[in-house]
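Structure data (compact mmCIF, C-alpha atoms) from run-v5.txt:
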# COMPACT_ATOMS: atom_id res chain seq x y z
CA CYS A 1 8.33 28.18 16.91
CA MET A 2 9.75 24.71 16.38
CA LEU A 3 10.51 22.22 19.13
CA LEU A 4 13.03 19.43 18.54
CA ALA A 5 13.47 16.49 20.88
CA ALA A 6 16.27 13.96 20.62
CA ALA A 7 17.68 11.23 22.84
CA CYS A 8 21.32 12.03 23.54
CA GLY A 9 23.96 9.38 24.07
CA THR A 10 27.74 9.10 24.03
CA GLU A 11 29.82 6.96 21.72
CA GLU A 12 30.88 3.75 23.50
CA PRO A 13 34.03 1.73 22.80
CA ALA A 14 33.21 -1.20 20.53
CA GLU A 15 34.23 -3.78 23.11
CA SER A 16 31.79 -2.43 25.70
CA ALA A 17 28.75 -2.38 23.41
CA GLY A 18 26.18 -5.06 24.06
CA VAL A 19 22.66 -6.10 23.14
CA SER A 20 20.13 -7.09 25.76
CA ASP A 21 17.56 -9.78 25.06
CA ALA A 22 15.49 -8.71 28.07
CA PRO A 23 11.83 -7.94 27.24
CA PRO A 24 10.52 -4.41 27.75
CA PRO A 25 8.77 -3.55 31.03
CA ALA A 26 5.21 -4.84 31.32
CA SER A 27 3.82 -1.38 31.94
CA VAL A 28 4.71 1.84 30.21
CA ALA A 29 4.22 5.13 32.01
CA ALA A 30 2.84 8.07 30.06
CA ASP A 31 2.79 11.75 30.89
CA LYS A 32 0.12 12.50 33.50
CA THR A 33 -1.32 15.29 31.41
CA THR A 34 -3.99 14.32 28.91
CA ALA A 35 -2.80 14.18 25.30
CA SER A 36 -4.82 13.66 22.14
CA ALA A 37 -2.39 11.63 20.11
CA ALA A 38 -1.68 8.07 19.01
CA ALA A 39 1.54 6.13 19.47
CA SER A 40 2.57 2.87 17.88
CA SER A 41 5.16 0.20 18.52
CA ALA A 42 6.26 -2.96 16.78
CA THR A 43 6.24 -6.04 18.99
CA THR A 44 7.61 -9.51 18.39
CA ALA A 45 7.02 -12.73 20.27
CA ASN A 46 7.06 -16.43 19.42
CA SER A 47 8.20 -15.79 15.86
CA THR A 48 5.26 -13.53 14.99
CA ALA A 49 5.02 -9.82 14.50
CA ALA A 50 2.33 -7.32 15.32
CA THR A 51 1.80 -3.61 15.36
CA THR A 52 0.04 -2.35 18.47
CA VAL A 53 -1.61 1.07 18.60
CA TYR A 54 -2.19 2.81 21.91
CA ASP A 55 -4.52 5.60 23.01
CA VAL A 56 -2.52 8.07 25.10
CA ASN A 57 -5.59 10.13 25.95
CA VAL A 58 -5.42 8.32 29.28
CA PRO A 59 -3.47 9.63 32.30
CA VAL A 60 -0.61 7.65 33.85
CA ARG A 61 -0.56 4.63 31.54
CA LEU A 62 -1.14 3.74 27.91
CA LYS A 63 -4.31 1.93 26.96
CA ARG A 64 -4.00 -0.64 24.20
CA LEU A 65 -6.67 -0.12 21.55
CA PHE A 66 -5.96 -2.96 19.18
CA THR A 67 -3.24 -5.16 17.74
CA ALA A 68 -3.03 -5.85 14.03
CA ASP A 69 -1.17 -9.05 13.11
CA ILE A 70 1.17 -8.26 10.23
CA SER A 71 3.22 -11.45 9.96
CA PRO A 72 2.47 -13.53 6.86
CA GLY A 73 2.47 -17.25 7.51
CA ASN A 74 4.98 -18.51 10.05
CA ALA A 75 7.73 -16.07 9.15
CA ASP A 76 10.39 -15.64 11.81
CA TYR A 77 10.08 -11.88 12.30
CA TRP A 78 12.27 -11.90 15.40
CA GLU A 79 15.23 -12.69 13.19
CA SER A 80 14.17 -10.40 10.35
CA GLY A 81 13.63 -7.43 12.65
CA VAL A 82 10.22 -5.76 12.49
CA GLU A 83 10.62 -2.37 14.14
CA TYR A 84 10.48 1.43 13.76
CA THR A 85 6.71 1.51 13.26
CA ARG A 86 5.23 4.81 12.04
CA ILE A 87 1.53 5.67 11.71
CA ILE A 88 -0.42 8.66 10.36
CA GLU A 89 -4.08 9.64 10.01
CA LEU A 90 -5.03 11.32 6.74
CA ASN A 91 -6.63 14.76 7.10
CA HIS A 92 -6.13 16.46 3.71
CA SER A 93 -7.40 13.86 1.25
CA SER A 94 -9.27 15.00 -1.86
CA ALA A 95 -10.45 11.43 -2.43
CA GLY A 96 -12.68 11.09 0.64
CA GLU A 97 -10.02 9.28 2.66
CA ASN A 98 -9.84 11.59 5.69
CA GLY A 99 -9.67 9.50 8.84
CA THR A 100 -7.85 6.67 7.07
CA LEU A 101 -4.83 5.30 8.96
CA LEU A 102 -1.58 4.27 7.28
CA VAL A 103 1.22 2.38 9.01
CA THR A 104 4.67 1.30 7.89
CA PHE A 105 7.73 -0.26 9.52
CA GLU A 106 11.21 -1.67 8.95
CA GLU A 107 11.87 -5.20 7.83
CA LEU A 108 15.55 -5.72 8.59
CA ASN A 109 17.28 -8.42 6.54
CA GLY A 110 14.63 -8.04 3.84
CA GLY A 111 14.34 -10.96 1.46
CA ILE A 112 13.24 -13.46 4.09
CA VAL A 113 9.59 -12.63 3.38
CA ASP A 114 9.69 -9.54 1.16
CA PRO A 115 12.28 -7.78 -0.94
CA THR A 116 14.11 -5.07 0.99
CA GLY A 117 11.69 -2.23 1.67
CA PHE A 118 8.80 -0.83 3.70
CA PRO A 119 5.38 -2.55 3.78
CA VAL A 120 2.41 -0.16 4.03
CA TYR A 121 -0.87 -1.14 5.71
CA VAL A 122 -4.19 0.74 5.67
CA SER A 123 -7.19 0.88 8.00
CA ARG A 124 -10.46 2.63 7.19
CA ASP A 125 -12.23 1.76 10.46
CA LYS A 126 -10.01 3.54 13.00
CA GLY A 127 -7.63 0.61 13.25
CA ALA A 128 -10.04 -2.23 13.93
CA ASN A 129 -8.99 -3.96 10.70
CA TRP A 130 -5.87 -3.64 8.56
CA GLU A 131 -4.88 -4.74 5.09
CA ARG A 132 -1.65 -4.46 3.22
CA CYS A 133 -1.97 -1.85 0.49
CA GLY A 134 1.53 -1.09 -0.70
CA PHE A 135 5.27 -1.70 -0.55
CA VAL A 136 8.08 0.84 -0.94
CA THR A 137 11.44 -0.30 -2.22
CA ASP A 138 14.53 1.59 -3.38
CA PRO A 139 14.88 1.30 -7.17
CA GLY A 140 18.67 1.49 -6.75
CA THR A 141 21.04 -1.24 -5.63
CA MET A 142 20.77 -0.73 -1.87
CA SER A 143 21.01 -3.70 0.50
CA ALA A 144 18.72 -2.48 3.31
CA GLN A 145 16.13 0.19 4.09
CA TRP A 146 15.71 1.67 7.57
CA ASN A 147 13.80 4.35 9.48
CA PRO A 148 10.65 5.07 7.43
CA GLN A 149 8.48 8.09 8.14
CA LEU A 150 5.04 8.80 6.67
CA PHE A 151 3.84 12.36 6.09
CA GLU A 152 0.75 13.86 4.43
CA LEU A 153 1.13 17.20 2.67
CA PRO A 154 -1.24 19.75 4.25
CA CYS A 155 -0.80 22.08 1.26
CA PRO A 156 0.67 21.85 -2.26
CA LEU A 157 4.41 21.37 -2.66
CA GLY A 158 5.62 22.23 -6.15
CA ASP A 159 3.39 20.20 -8.47
CA LEU A 160 2.31 17.84 -5.66
CA PRO A 161 -1.24 18.51 -4.39
CA ALA A 162 -2.33 18.69 -0.77
CA GLY A 163 -3.07 15.20 0.49
CA THR A 164 -0.04 13.64 -1.21
CA VAL A 165 1.38 10.92 1.04
CA LEU A 166 5.15 11.08 1.41
CA LEU A 167 7.44 8.39 2.78
CA ALA A 168 11.05 9.17 3.66
CA GLY A 169 13.51 6.43 4.55
CA ALA A 170 17.19 5.59 4.81
CA SER A 171 18.64 3.39 2.07
CA LEU A 172 21.85 1.53 2.92
CA GLY A 173 24.49 0.06 0.65
CA SER A 174 28.01 -1.28 1.05
CA SER A 175 29.64 2.07 0.32
CA ARG A 176 27.00 4.72 0.99
CA THR A 177 23.75 5.65 2.71
CA ALA A 178 21.01 7.95 1.45
CA ILE A 179 17.78 9.58 2.60
CA VAL A 180 15.24 8.93 -0.15
CA LEU A 181 11.78 10.51 -0.55
CA TYR A 182 8.83 8.75 -2.19
CA GLN A 183 5.33 10.02 -3.00
CA SER A 184 1.89 8.41 -3.37
CA GLN A 185 -1.28 9.82 -4.97
CA ASP A 186 -3.50 6.81 -4.16
CA THR A 187 -3.55 6.62 -0.35
CA GLY A 188 -0.35 4.64 -0.09
CA SER A 189 -1.11 1.86 -2.58
CA THR A 190 1.70 2.84 -4.95
CA PHE A 191 4.77 4.98 -4.30
CA THR A 192 7.27 6.43 -6.75
CA LYS A 193 10.66 7.87 -5.96
CA LEU A 194 10.52 11.66 -5.79
CA SER A 195 14.09 12.63 -4.86
CA THR A 196 17.23 11.85 -2.88
CA VAL A 197 17.37 14.23 0.06
CA ALA A 198 20.99 13.59 1.06
CA VAL A 199 23.81 11.09 0.57
CA GLY A 200 26.28 9.89 3.20
CA GLY A 201 29.04 7.35 3.55
CA PRO A 202 28.67 3.73 4.67
CA THR A 203 27.19 2.60 7.96
CA GLY A 204 29.47 2.28 10.93
CA GLY A 205 30.46 5.90 11.35
CA LYS A 206 29.81 7.82 8.11
CA GLY A 207 26.11 7.28 7.43
CA ILE A 208 22.89 9.29 7.50
CA TYR A 209 19.66 7.95 9.01
CA GLU A 210 16.30 8.62 10.67
CA PRO A 211 14.54 11.24 8.53
CA PHE A 212 11.77 13.35 10.05
CA LEU A 213 9.58 15.55 7.82
CA VAL A 214 7.81 18.74 8.84
CA MET A 215 6.23 21.53 6.77
CA LEU A 216 6.59 25.18 7.70
CA HIS A 217 3.81 27.76 7.42
CA ASP A 218 5.36 29.18 4.24
CA GLY A 219 5.12 25.82 2.45
CA THR A 220 8.76 24.80 2.89
CA LEU A 221 9.26 21.09 3.54
CA VAL A 222 12.05 20.32 6.02
CA CYS A 223 13.76 16.96 6.37
CA HIS A 224 15.65 16.53 9.65
CA TYR A 225 18.00 13.56 9.91
CA SER A 226 20.82 11.99 11.93
CA ASP A 227 24.21 12.71 10.40
CA GLU A 228 27.57 10.95 10.86
CA THR A 229 29.28 12.48 7.83
CA ASP A 230 31.44 14.79 9.97
CA SER A 231 32.66 12.01 12.24
CA ALA A 232 36.13 13.51 12.76
CA ALA A 233 34.49 16.36 14.69
CA HIS A 234 31.15 14.77 15.68
CA SER A 235 30.46 11.09 16.20
CA GLN A 236 26.92 12.06 15.21
CA LYS A 237 25.01 15.32 14.81
CA LEU A 238 21.53 16.38 13.71
CA SER A 239 21.10 18.19 10.40
CA TYR A 240 18.31 19.29 8.09
CA ARG A 241 17.69 20.22 4.45
CA THR A 242 14.77 22.11 2.92
CA THR A 243 12.84 22.01 -0.35
CA ARG A 244 10.09 24.01 -2.06
CA ASP A 245 9.18 21.32 -4.60
CA GLY A 246 10.20 17.98 -3.07
CA LYS A 247 12.78 17.48 -5.81
CA THR A 248 15.69 19.83 -5.14
CA TRP A 249 17.12 20.23 -1.66
CA SER A 250 19.19 22.86 0.11
CA GLU A 251 22.65 22.35 1.50
CA PRO A 252 22.64 20.80 5.01
CA VAL A 253 22.23 22.94 8.11
CA GLU A 254 23.39 21.75 11.53
CA THR A 255 20.64 21.57 14.16
CA VAL A 256 22.54 19.95 17.03
CA ALA A 257 26.33 19.51 16.95
CA SER A 258 27.96 19.03 20.34
CA PRO A 259 31.47 20.40 20.93
CA ARG A 260 32.32 17.02 22.46
CA ARG A 261 33.07 14.64 19.58
CA THR A 262 31.73 11.50 21.28
CA ASP A 263 28.23 12.90 21.92
CA ARG A 264 25.43 11.39 19.84
CA PRO A 265 22.19 13.42 20.01
CA GLY A 266 20.08 10.57 18.63
CA MET A 267 17.17 11.15 16.24
CA SER A 268 15.11 14.28 15.62
CA VAL A 269 11.45 14.56 16.60
CA VAL A 270 10.11 18.00 15.66
CA THR A 271 6.81 19.71 16.54
CA GLN A 272 5.65 23.07 15.24
CA LEU A 273 3.87 25.32 17.72
CA GLY A 274 1.14 27.64 16.53
Represent the structure contained in this file as C-alpha cells.
Amino acid sequence: CMLLAAACGTEEPAESAGVSDAPPPASVAADKTTASAAASSATTANSTAATTVYDVNVPVRLKRLFTADISPGNADYWESGVEYTRIIELNHSSAGENGTLLVTFEELNGGIVDPTGFPVYVSRDKGANWERCGFVTDPGTMSAQWNPQLFELPCPLGDLPAGTVLLAGASLGSSRTAIVLYQSQDTGSTFTKLSTVAVGGPTGGKGIYEPFLVMLHDGTLVCHYSDETDSAAHSQKLSYRTTRDGKTWSEPVETVASPRRTDRPGMSVVTQLG
C-alpha cells in the first residue's frame, strides 16, 4: 500500500499572484500523536543561512534540536535563496556509516557563492556538528537546479549496491527542464550523473519539478514528480516513472490529474505501508 500526499492549489491569474515578505509564525504546531521522525527547514535572517533540524517526537509542538550554520562568509543568502532542505539518515551502509546524516538544499541564483548546484553536508554525531562534504552540479548547460531529494538504496538496484546514496533534482534551462538522478558510493562526497529520469519544456507552464524517490518491495525504484507538460488539459499534474537499474526509465504514468484544468496538486510525498 502506498500513500501519497500533495498540497493542492488552483492556478491564479498572473496579475493576482503576489509574494509575501511576512516571516513564518513563531510557533509551528505538530500532530498531537507521537512520531519518530525528523523534519528540516531552511531559515534565513540577517543575510545568513542555516539549516535547523527538529525532533517531532514531541506532542503539540516541534522541539528544535540544533541549528547548523551553512553560510560561508557574509554571503547574502536571502537574495540567493537557500531553501528546499532535505535530510536523510544512512541505514544500509557497508562502510560503517549507519547513523550518519546527510543534508542538501537549493541555492537559487547559483554563482553568487557556488556554481549552480546542490551542496551536501554530513554529520556523524547526530547533527551536533556539520561539515560540507560534496557538491552536485548538472554536467549539462542548465542555468538552475531546484528541488533536491536524497535517498539511500535499501537493496541493490541494477549494478548499484545497497547503501548507494542517490540524489534526484530538477535541472532548468532556457528551453527545457529535466529530472536528473545522481549516485554516490562514498557517503555523499562525490556524485556522478546516473540518468535523466524525464525531460519537460521550459519553466512557466511546461516544466517538470520536485522529484520524490521511493523503492518498492520488488526492487523497483519509483520517481514521482510534478508535471506541467500537459498544460492544455492540466495546469499541473503528478506523474511517476519506474526503473529496475537506475539508468532506463518507463514511460510516465499519471498519479493525480484533476478534470479541472486549473487545479495544481502540488508536489508528491509518498510513504509505503508495510
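Note that the spacing between CA of Phe191 (chain A) and CA of Gly204 (chain A) amounts to 29.1 Å.
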* To do: Could you check how far CA of Arg260 (chain A) sits from CA of Tyr84 (chain A), in Å to one decimal?
  => 28.2 Å
I'd like the neighbourhood of Leu194 (chain A) as a short mmCIF file (atom, residue, chain, number, x, y, z; two decimals) with C-alpha atoms, in the frame of the given file, where a residue qualifies if any of its atoms comes within 10 Å (using only C-alpha atoms), though same-chain residues fewer than 5 positions away should be ignored.
data_model
loop_
_atom_site.label_atom_id
_atom_site.label_comp_id
_atom_site.auth_asym_id
_atom_site.auth_seq_id
_atom_site.Cartn_x
_atom_site.Cartn_y
_atom_site.Cartn_z
CA LEU A 166 5.15 11.08 1.41
CA LEU A 167 7.44 8.39 2.78
CA ALA A 168 11.05 9.17 3.66
CA VAL A 180 15.24 8.93 -0.15
CA LEU A 181 11.78 10.51 -0.55
CA TYR A 182 8.83 8.75 -2.19
CA GLN A 183 5.33 10.02 -3.00
CA SER A 184 1.89 8.41 -3.37
CA ASP A 245 9.18 21.32 -4.60
CA GLY A 246 10.20 17.98 -3.07
CA LYS A 247 12.78 17.48 -5.81
CA THR A 248 15.69 19.83 -5.14
#
* Spatial neighbours of Glu228 (chain A), 9 Å, all atoms listed in the file, chain gap at least 3 places, as an MDAnalysis selection string -> chainID A and resid 200:201 203:209 231 234:238
Using all atoms listed in the file, find each residue in region 211-231 of chain A having at least one atom no more than 9 Å away from region 146-158 of chain A; report its shortest atom-to-atom pair and that distance in Å (one decimal), rows by chain then rising number, as CSV.
residue,atom,partner,partner_atom,distance
A:Pro211,CA,A:Gln149,CA,6.8
A:Phe212,CA,A:Gln149,CA,6.5
A:Leu213,CA,A:Phe151,CA,6.8
A:Val214,CA,A:Phe151,CA,8.0
A:Met215,CA,A:Leu153,CA,7.8
A:Gly219,CA,A:Leu157,CA,6.8
A:Thr220,CA,A:Leu157,CA,7.8
A:Leu221,CA,A:Leu157,CA,7.9
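What separates CA of Pro252 (chain A) from CA of Ala198 (chain A) is a distance of 8.4 Å.
With only C-alpha atoms as the atoms that count, the residue of A:Ser258, A:Thr100, A:Asn129, A:Thr85 with the shortest distance to Gly188 (chain A) is A:Thr100.
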* **Which of A:Ser195, A:Ser143, A:Ser268, A:Thr190 sits closest to Ser174 (chain A) [using only C-alpha atoms]** => A:Ser143
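Distance check against Val269 (chain A) using all atoms listed in the file: of A:His224, A:Arg244, A:His217, A:Arg124, the minimum falls on A:His224.
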Edge lengths and centre in Å to one decimal, as AutoDock Vina command-line options, is what I'm after for the box along x, y and z that holds all listed atoms of region 164-175 of chain A once 4 Å is added on each side.
--center_x 14.8 --center_y 6.2 --center_z 1.8 --size_x 37.7 --size_y 22.9 --size_z 14.0
